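Visitor: The structure that follows is given in the form of structure tokens.
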Amino acid sequence: ILVLLLAVTSIQAAERRVLVLAGDYWCPYNCNPQSKNQGFLVELARRAFYIYGIDVEYRMMSWGQAIEEVESVKSDGILGLSNPKGKKLISTELPLDYSSSIVFTRADTDWTYDGISSLRGKKIGIIMDYVVDESINQYIGSNYTINPGMFVVEDGANAVIESIANLMDKEIDVYIEDERVVKYYIQETGVAKSIRNAGKVAKEKLPIYIAFSTN
């Protein structure tokens, strides 16, 4: 929490103010702002800023819109960014958590992820502007323009839920997502018998930050 505060000292004010943080549905990191549990990244930010006279307002939107809003200073920060480099943002010095990317498929298939080549011929669910893994992103980038029909792209505020639904409805064959996010969804909805873990994308985990506009 101390590191989080040091990263945003320029935001501090003498009078109580509101800090607007944007993100999409990525529960349990950041959930629905109308729910009792808004996510532990939201709660962490609230606790960190409260003693400085700053209240946190969490707004849920598509991931692409969240990036656009913080870069254009319509929102003060963004939740769950894995790579703030290259963007005009400042982030917490150290990651607040780490994300493990898993390839999920339906329980009625015995297919197992065995590297990028094993994705050939599989219809993949992706979320617009998500960073999953460098090799996966390269595969999507090089193949989407050639054969866009092998990808189903979601870009709404509930893109995660819609992508999991696409998997269960057999609109896609695989969906690559943070392990904790899918496990939380399975726990909340009771669909454990419909989805299974088909393999880990990489040994390295992606860092998770809260990043802020520099303006």
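Letters for chains follow the order of the structure tokens (A, B, ...), residue numbers begin at 1 for each chain, and ligand numbers begin at 1 in the order shown.
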Go through range 126-165 of chain A residue by residue and, counting only C-alpha atoms, keep those with an atom at most 10 Å from range 189-208 of chain A; for each kept residue give the shortest atom pair and its distance in Å to one decimal, ordered by chain and increasing number, as a tab-separated table.

Guide:
```
residue	atom	partner	partner_atom	distance
A:Val131	CA	A:Leu206	CA	9.1
A:Val132	CA	A:Leu206	CA	8.0
A:Asp133	CA	A:Val201	CA	7.4
A:Glu134	CA	A:Ala202	CA	9.8
A:Ser135	CA	A:Val201	CA	9.0
A:Ile136	CA	A:Val201	CA	8.2
A:Ile164	CA	A:Ile195	CA	8.7
```

Visitor: Mind the document's chain letters and residue numbers, and return as a ChimeraX atom specification the residues of range 119-214 of chain A that DSSP labels helix (DSSP H, G or I).

Guide: /A:119,134-144,148-150,159-168,179-189

Visitor: Neighbouring residues of Gly149 in chain A were defined as those with any atom within 12 Å, considering only C-alpha atoms; residues of the same chain fewer than 2 positions away were excluded. Please report them as a PyMOL selection string.

Guide: chain A and resi 121-125+140+143-147+151-153+171-172

Visitor: Which residues of range 136-160 of chain A sit at most 12 Å from range 18-28 of chain A, using only C-alpha atoms? Give each one's shortest atom pair and distance in Å (one decimal place), in chain and ascending residue order, as JSON lines.

Guide:
```
{"residue": "A:Glu154", "atom": "CA", "partner": "A:Asp24", "partner_atom": "CA", "distance": 11.8}
{"residue": "A:Asp155", "atom": "CA", "partner": "A:Asp24", "partner_atom": "CA", "distance": 9.5}
{"residue": "A:Gly156", "atom": "CA", "partner": "A:Asp24", "partner_atom": "CA", "distance": 8.0}
{"residue": "A:Ala157", "atom": "CA", "partner": "A:Asp24", "partner_atom": "CA", "distance": 5.0}
{"residue": "A:Asn158", "atom": "CA", "partner": "A:Tyr25", "partner_atom": "CA", "distance": 5.5}
{"residue": "A:Ala159", "atom": "CA", "partner": "A:Tyr25", "partner_atom": "CA", "distance": 7.4}
{"residue": "A:Val160", "atom": "CA", "partner": "A:Tyr25", "partner_atom": "CA", "distance": 6.8}
```

Visitor: What does the file look like for those residues with C-alpha atoms, as a PDB file, in the first residue's frame?

Guide:
```
ATOM      1  CA  GLU A 154     -15.541  -9.448 -27.318  1.00  0.00           C
ATOM      2  CA  ASP A 155     -15.026  -5.851 -26.257  1.00  0.00           C
ATOM      3  CA  GLY A 156     -17.783  -4.924 -23.807  1.00  0.00           C
ATOM      4  CA  ALA A 157     -17.622  -4.250 -20.082  1.00  0.00           C
ATOM      5  CA  ASN A 158     -18.630  -7.879 -19.458  1.00  0.00           C
ATOM      6  CA  ALA A 159     -16.347  -9.354 -22.129  1.00  0.00           C
ATOM      7  CA  VAL A 160     -15.025 -12.015 -19.740  1.00  0.00           C
TER       8      VAL A 160
END
```

Visitor: As a list in words, which residues of range 78-129 of chain A does DSSP assign to strand (DSSP E or B)?

Guide: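 So, restricting range 78-129 of chain A to strand (DSSP E or B), we get Ile78, Leu79, Gly80, Leu81, Leu89, Ile90, Ser91, Asp97, Tyr98, Ser99, Ser101, Ile102, Val103, Phe104, Thr105, Arg106, Ile124, Gly125, Ile126 and Ile127 of chain A.
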
Visitor: Taking into account only C-alpha atoms, which residue in the set A:Ile90, A:Leu81, A:Cys31, A:Ala48 is nearest to Thr214 in chain A?

Guide: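 Selected residue with least distance to Thr214 in chain A: A:Ile90.
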